[in-house]
file work.cif (mmCIF, N, CA and C atoms and all ligand atoms)
data_entry
loop_
_atom_site.label_atom_id
_atom_site.label_comp_id
_atom_site.auth_asym_id
_atom_site.auth_seq_id
_atom_site.Cartn_x
_atom_site.Cartn_y
_atom_site.Cartn_z
N ASN X 5 -7.72 4.38 -6.93
CA ASN X 5 -7.60 5.31 -5.81
C ASN X 5 -8.65 5.04 -4.75
N VAL X 6 -9.17 3.83 -4.67
CA VAL X 6 -10.24 3.51 -3.72
C VAL X 6 -9.79 2.38 -2.80
N CYS X 7 -9.79 2.66 -1.52
CA CYS X 7 -9.46 1.62 -0.55
C CYS X 7 -10.59 0.60 -0.48
N PRO X 8 -10.27 -0.71 -0.56
CA PRO X 8 -11.32 -1.72 -0.53
C PRO X 8 -11.98 -1.88 0.84
N HIS X 9 -11.47 -1.23 1.87
CA HIS X 9 -12.10 -1.32 3.19
C HIS X 9 -13.37 -0.48 3.24
N ARG X 10 -13.23 0.84 3.16
CA ARG X 10 -14.40 1.72 3.24
C ARG X 10 -14.40 2.82 2.18
N GLY X 11 -13.55 2.66 1.17
CA GLY X 11 -13.61 3.56 0.02
C GLY X 11 -12.82 4.84 0.13
N ALA X 12 -11.91 4.94 1.06
CA ALA X 12 -11.09 6.15 1.18
C ALA X 12 -10.22 6.34 -0.06
N PRO X 13 -9.88 7.60 -0.40
CA PRO X 13 -8.95 7.83 -1.50
C PRO X 13 -7.52 7.47 -1.06
N LEU X 14 -6.98 6.43 -1.64
CA LEU X 14 -5.65 5.95 -1.22
C LEU X 14 -4.55 6.98 -1.47
N CYS X 15 -4.79 7.91 -2.39
CA CYS X 15 -3.76 8.92 -2.68
C CYS X 15 -3.51 9.82 -1.47
N GLU X 16 -4.40 9.84 -0.50
CA GLU X 16 -4.21 10.68 0.68
C GLU X 16 -3.33 10.01 1.74
N GLY X 17 -3.06 8.73 1.56
CA GLY X 17 -2.21 8.02 2.52
C GLY X 17 -0.75 8.16 2.16
N PRO X 18 0.13 7.91 3.11
CA PRO X 18 1.56 8.02 2.83
C PRO X 18 2.09 6.83 2.05
N GLN X 19 3.08 7.10 1.21
CA GLN X 19 3.89 6.03 0.64
C GLN X 19 4.97 5.76 1.67
N CYS X 20 5.11 4.51 2.09
CA CYS X 20 5.96 4.23 3.25
C CYS X 20 6.45 2.80 3.22
N GLY X 21 7.02 2.38 4.31
CA GLY X 21 7.35 0.99 4.54
C GLY X 21 6.40 0.44 5.59
N THR X 22 6.80 -0.70 6.15
CA THR X 22 5.95 -1.30 7.16
C THR X 22 6.82 -2.03 8.18
N THR X 23 6.22 -2.52 9.22
CA THR X 23 6.97 -3.25 10.23
C THR X 23 6.73 -4.75 10.09
N ALA X 24 7.73 -5.51 10.51
CA ALA X 24 7.61 -6.97 10.50
C ALA X 24 8.28 -7.50 11.76
N PRO X 25 7.71 -8.54 12.36
CA PRO X 25 8.33 -9.11 13.56
C PRO X 25 9.59 -9.88 13.20
N VAL X 26 10.61 -9.74 14.02
CA VAL X 26 11.85 -10.50 13.81
C VAL X 26 12.12 -11.46 14.98
N GLU X 27 11.75 -11.03 16.18
CA GLU X 27 11.86 -11.90 17.35
C GLU X 27 10.75 -11.49 18.30
N GLN X 28 10.65 -12.20 19.37
CA GLN X 28 9.62 -11.91 20.34
C GLN X 28 9.69 -10.43 20.77
N ALA X 29 8.61 -9.69 20.51
CA ALA X 29 8.48 -8.28 20.89
C ALA X 29 9.48 -7.37 20.18
N GLN X 30 10.07 -7.80 19.07
CA GLN X 30 10.96 -6.94 18.30
C GLN X 30 10.49 -6.89 16.85
N PHE X 31 10.59 -5.69 16.28
CA PHE X 31 10.14 -5.49 14.92
C PHE X 31 11.20 -4.73 14.13
N ILE X 32 11.18 -4.91 12.83
CA ILE X 32 12.02 -4.10 11.94
C ILE X 32 11.11 -3.29 11.03
N TYR X 33 11.62 -2.14 10.59
CA TYR X 33 10.94 -1.36 9.57
C TYR X 33 11.59 -1.71 8.25
N HIS X 34 10.79 -2.11 7.26
CA HIS X 34 11.36 -2.51 5.98
C HIS X 34 10.41 -2.14 4.85
N ARG X 35 10.81 -2.45 3.63
CA ARG X 35 10.02 -2.21 2.42
C ARG X 35 9.72 -0.71 2.21
N GLU X 36 10.68 0.13 2.57
CA GLU X 36 10.51 1.58 2.42
C GLU X 36 10.03 1.92 1.01
N ASN X 37 8.99 2.74 0.91
CA ASN X 37 8.38 3.22 -0.34
C ASN X 37 7.69 2.14 -1.17
N GLU X 38 7.50 0.95 -0.64
CA GLU X 38 6.80 -0.11 -1.37
C GLU X 38 5.34 -0.25 -0.94
N ILE X 39 4.94 0.53 0.04
CA ILE X 39 3.63 0.37 0.66
C ILE X 39 2.88 1.69 0.59
N VAL X 40 1.55 1.63 0.40
CA VAL X 40 0.72 2.80 0.64
C VAL X 40 -0.19 2.46 1.82
N ARG X 41 -0.26 3.39 2.77
CA ARG X 41 -1.08 3.19 3.97
C ARG X 41 -2.32 4.07 3.87
N CYS X 42 -3.48 3.48 3.97
CA CYS X 42 -4.73 4.23 3.88
C CYS X 42 -4.81 5.26 5.02
N ALA X 43 -5.18 6.48 4.65
CA ALA X 43 -5.22 7.57 5.62
C ALA X 43 -6.38 7.43 6.62
N TRP X 44 -7.40 6.67 6.27
CA TRP X 44 -8.55 6.59 7.16
C TRP X 44 -8.36 5.62 8.32
N HIS X 45 -7.99 4.38 8.05
CA HIS X 45 -7.90 3.37 9.12
C HIS X 45 -6.58 2.61 9.13
N GLY X 46 -5.66 2.98 8.25
CA GLY X 46 -4.31 2.44 8.32
C GLY X 46 -4.05 1.12 7.62
N TRP X 47 -5.00 0.61 6.85
CA TRP X 47 -4.70 -0.61 6.11
C TRP X 47 -3.53 -0.34 5.19
N GLU X 48 -2.67 -1.34 5.03
CA GLU X 48 -1.48 -1.19 4.20
C GLU X 48 -1.57 -2.08 2.97
N PHE X 49 -1.13 -1.51 1.82
CA PHE X 49 -1.21 -2.22 0.55
C PHE X 49 0.14 -2.17 -0.16
N ASP X 50 0.49 -3.30 -0.79
CA ASP X 50 1.66 -3.35 -1.67
C ASP X 50 1.34 -2.46 -2.88
N ILE X 51 2.19 -1.47 -3.15
CA ILE X 51 1.89 -0.52 -4.23
C ILE X 51 1.83 -1.21 -5.59
N LYS X 52 2.69 -2.17 -5.84
CA LYS X 52 2.72 -2.80 -7.16
C LYS X 52 1.54 -3.75 -7.40
N SER X 53 1.20 -4.56 -6.42
CA SER X 53 0.15 -5.56 -6.63
C SER X 53 -1.22 -5.12 -6.14
N GLY X 54 -1.26 -4.16 -5.21
CA GLY X 54 -2.51 -3.74 -4.59
C GLY X 54 -2.95 -4.65 -3.46
N ALA X 55 -2.20 -5.71 -3.17
CA ALA X 55 -2.60 -6.67 -2.14
C ALA X 55 -2.48 -6.06 -0.74
N ALA X 56 -3.51 -6.27 0.07
CA ALA X 56 -3.45 -5.84 1.47
C ALA X 56 -2.43 -6.72 2.20
N LEU X 57 -1.59 -6.10 3.02
CA LEU X 57 -0.56 -6.88 3.71
C LEU X 57 -1.16 -7.87 4.70
N VAL X 58 -2.23 -7.48 5.36
CA VAL X 58 -2.82 -8.36 6.37
C VAL X 58 -3.60 -9.51 5.74
N ASP X 59 -4.10 -9.33 4.52
CA ASP X 59 -4.86 -10.37 3.82
C ASP X 59 -4.73 -10.15 2.32
N PRO X 60 -3.77 -10.81 1.67
CA PRO X 60 -3.50 -10.57 0.24
C PRO X 60 -4.68 -10.88 -0.68
N SER X 61 -5.72 -11.55 -0.19
CA SER X 61 -6.89 -11.78 -1.04
C SER X 61 -7.71 -10.50 -1.20
N VAL X 62 -7.47 -9.51 -0.34
CA VAL X 62 -8.11 -8.20 -0.44
C VAL X 62 -7.17 -7.30 -1.22
N ARG X 63 -7.66 -6.68 -2.28
CA ARG X 63 -6.77 -5.90 -3.15
C ARG X 63 -7.38 -4.55 -3.51
N ALA X 64 -6.50 -3.55 -3.53
CA ALA X 64 -6.85 -2.27 -4.15
C ALA X 64 -6.59 -2.44 -5.65
N ARG X 65 -7.37 -1.77 -6.45
CA ARG X 65 -7.21 -1.90 -7.89
C ARG X 65 -5.92 -1.21 -8.33
N THR X 66 -5.19 -1.83 -9.24
CA THR X 66 -3.94 -1.26 -9.74
C THR X 66 -4.02 -1.11 -11.26
N PHE X 67 -3.14 -0.27 -11.79
CA PHE X 67 -3.08 -0.02 -13.23
C PHE X 67 -1.62 0.01 -13.67
N PRO X 68 -1.34 -0.41 -14.91
CA PRO X 68 0.03 -0.27 -15.43
C PRO X 68 0.41 1.20 -15.53
N VAL X 69 1.65 1.51 -15.17
CA VAL X 69 2.14 2.89 -15.18
C VAL X 69 3.49 2.92 -15.89
N THR X 70 3.71 3.95 -16.69
CA THR X 70 5.03 4.19 -17.27
C THR X 70 5.47 5.60 -16.93
N VAL X 71 6.77 5.78 -16.82
CA VAL X 71 7.35 7.10 -16.55
C VAL X 71 8.19 7.47 -17.75
N GLU X 72 7.85 8.57 -18.41
CA GLU X 72 8.57 9.00 -19.60
C GLU X 72 8.73 10.50 -19.58
N ALA X 73 9.93 10.96 -19.82
CA ALA X 73 10.22 12.39 -19.96
C ALA X 73 9.60 13.21 -18.84
N GLY X 74 9.72 12.71 -17.61
CA GLY X 74 9.23 13.45 -16.46
C GLY X 74 7.74 13.36 -16.23
N GLY X 75 7.02 12.60 -17.06
CA GLY X 75 5.58 12.44 -16.87
C GLY X 75 5.24 11.03 -16.44
N ILE X 76 4.15 10.87 -15.72
CA ILE X 76 3.66 9.56 -15.28
C ILE X 76 2.39 9.26 -16.07
N TYR X 77 2.37 8.14 -16.76
CA TYR X 77 1.24 7.78 -17.62
C TYR X 77 0.58 6.51 -17.08
N VAL X 78 -0.72 6.60 -16.85
CA VAL X 78 -1.50 5.48 -16.32
C VAL X 78 -2.35 4.93 -17.45
N THR X 79 -2.30 3.59 -17.59
CA THR X 79 -3.13 2.92 -18.58
C THR X 79 -4.33 2.33 -17.87
N ALA X 80 -5.50 2.83 -18.19
CA ALA X 80 -6.72 2.35 -17.53
C ALA X 80 -7.38 1.26 -18.34
S1 LIG M 1 -11.06 3.03 4.32
FE1 LIG M 1 -9.03 2.42 4.01
S2 LIG M 1 -8.53 1.35 5.79
FE2 LIG M 1 -10.55 1.92 6.06
#
call {"tool": "encode", "arguments": {"input": "work.cif", "output": "structure tokens", "more": "lines below"}}
Ligand code: FES
result
Amino acid sequence: NVCPHRGAPLCEGPQCGTTAPVEQAQFIYHRENEIVRCAWHGWEFDIKSGAALVDPSVRARTFPVTVEAGGIYVTA
């Protein structure tokens, strides 16, 4: 739950998609619900890998998660 930029709690950011260029000055919105955007400065991370979209070598820490019987279980 720690943004690698300045330590913001990533849980406060929206789960969302992101934009990508398709042609000169045109963008599409894609990857709905695959991204978490940091609430402090807007860095975007792939939810599954934790990789920052702008620089995949920068990563938020991730953990294995299972969903069972309506509960979410995190393995630390
Ligand atoms: S603290 Fe997350 S983008 Fe700056």
call {"tool": "residues_near_ligand", "arguments": {"input": "work.cif", "ligand": "ligand LIG 1 (chain M)", "cutoff": "5 Å", "atoms": "all atoms listed in the file", "output": "list in words"}}
result
Cys7, His9, Arg10, Gly11, Ala12, Cys42, Trp44, His45, Gly46 and Trp47 of chain X
call {"tool": "residues_near_point", "arguments": {"input": "work.cif", "point": "(1.6, -3.4, -16.2)", "cutoff": "12 Å", "atoms": "only C-alpha atoms", "output": "list in words"}}
result
Lys52, Ser53, Thr66, Phe67, Pro68, Val69, Thr70, Val71, Tyr77, Val78, Thr79 and Ala80 of chain X
call {"tool": "closest_residue", "arguments": {"input": "work.cif", "among": "X:Ala24, X:Ala29, X:Cys15, X:Val58", "to": "Arg41 in chain X", "atoms": "all atoms listed in the file"}}
result
X:Cys15
call {"tool": "atom_distance", "arguments": {"input": "work.cif", "atom1": "CA of Val6 in chain X", "atom2": "CA of Gly75 in chain X"}}
result
22.4 Å
call {"tool": "axis_aligned_box", "arguments": {"input": "work.cif", "around": "range 6-10 of chain X", "padding_each_side": "3 Å", "output": "lines of an AutoDock Vina configuration file"}}
result
center_x = -11.8
center_y = 1.0
center_z = -0.7
size_x = 11.2
size_y = 11.7
size_z = 13.9
call {"tool": "residues_around", "arguments": {"input": "work.cif", "residues": "Thr23 in chain X", "least_positions_apart": "4", "cutoff": "8 Å", "atoms": "only N, CA and C atoms", "output": "ChimeraX atom specification"}}
result
/X:31-35
call {"tool": "atom_distance", "arguments": {"input": "work.cif", "atom1": "CA of Gln19 in chain X", "atom2": "CA of Gly54 in chain X"}}
result
12.8 Å
call {"tool": "atom_distance", "arguments": {"input": "work.cif", "atom1": "atom C of Ala56 in chain X", "atom2": "CA of Val26 in chain X"}}
result
18.8 Å
call {"tool": "closest_residue", "arguments": {"input": "work.cif", "among": "X:Ala64, X:Cys20, X:Leu14, X:Leu57", "to": "Ala43 in chain X", "atoms": "only N, CA and C atoms"}}
result
X:Leu14
call {"tool": "select_by_dssp", "arguments": {"input": "work.cif", "residues": "chain X", "states": "strand (DSSP E or B)", "output": "PyMOL selection string"}}
result
chain X and resi 6+13+19-27+30-41+48-50+55-56+63+69-72+75-78
call {"tool": "closest_residue", "arguments": {"input": "work.cif", "among": "X:Gly17, X:Pro25, X:Pro8, X:Pro60", "to": "Ile39 in chain X", "atoms": "only C-alpha atoms"}}
result
X:Gly17
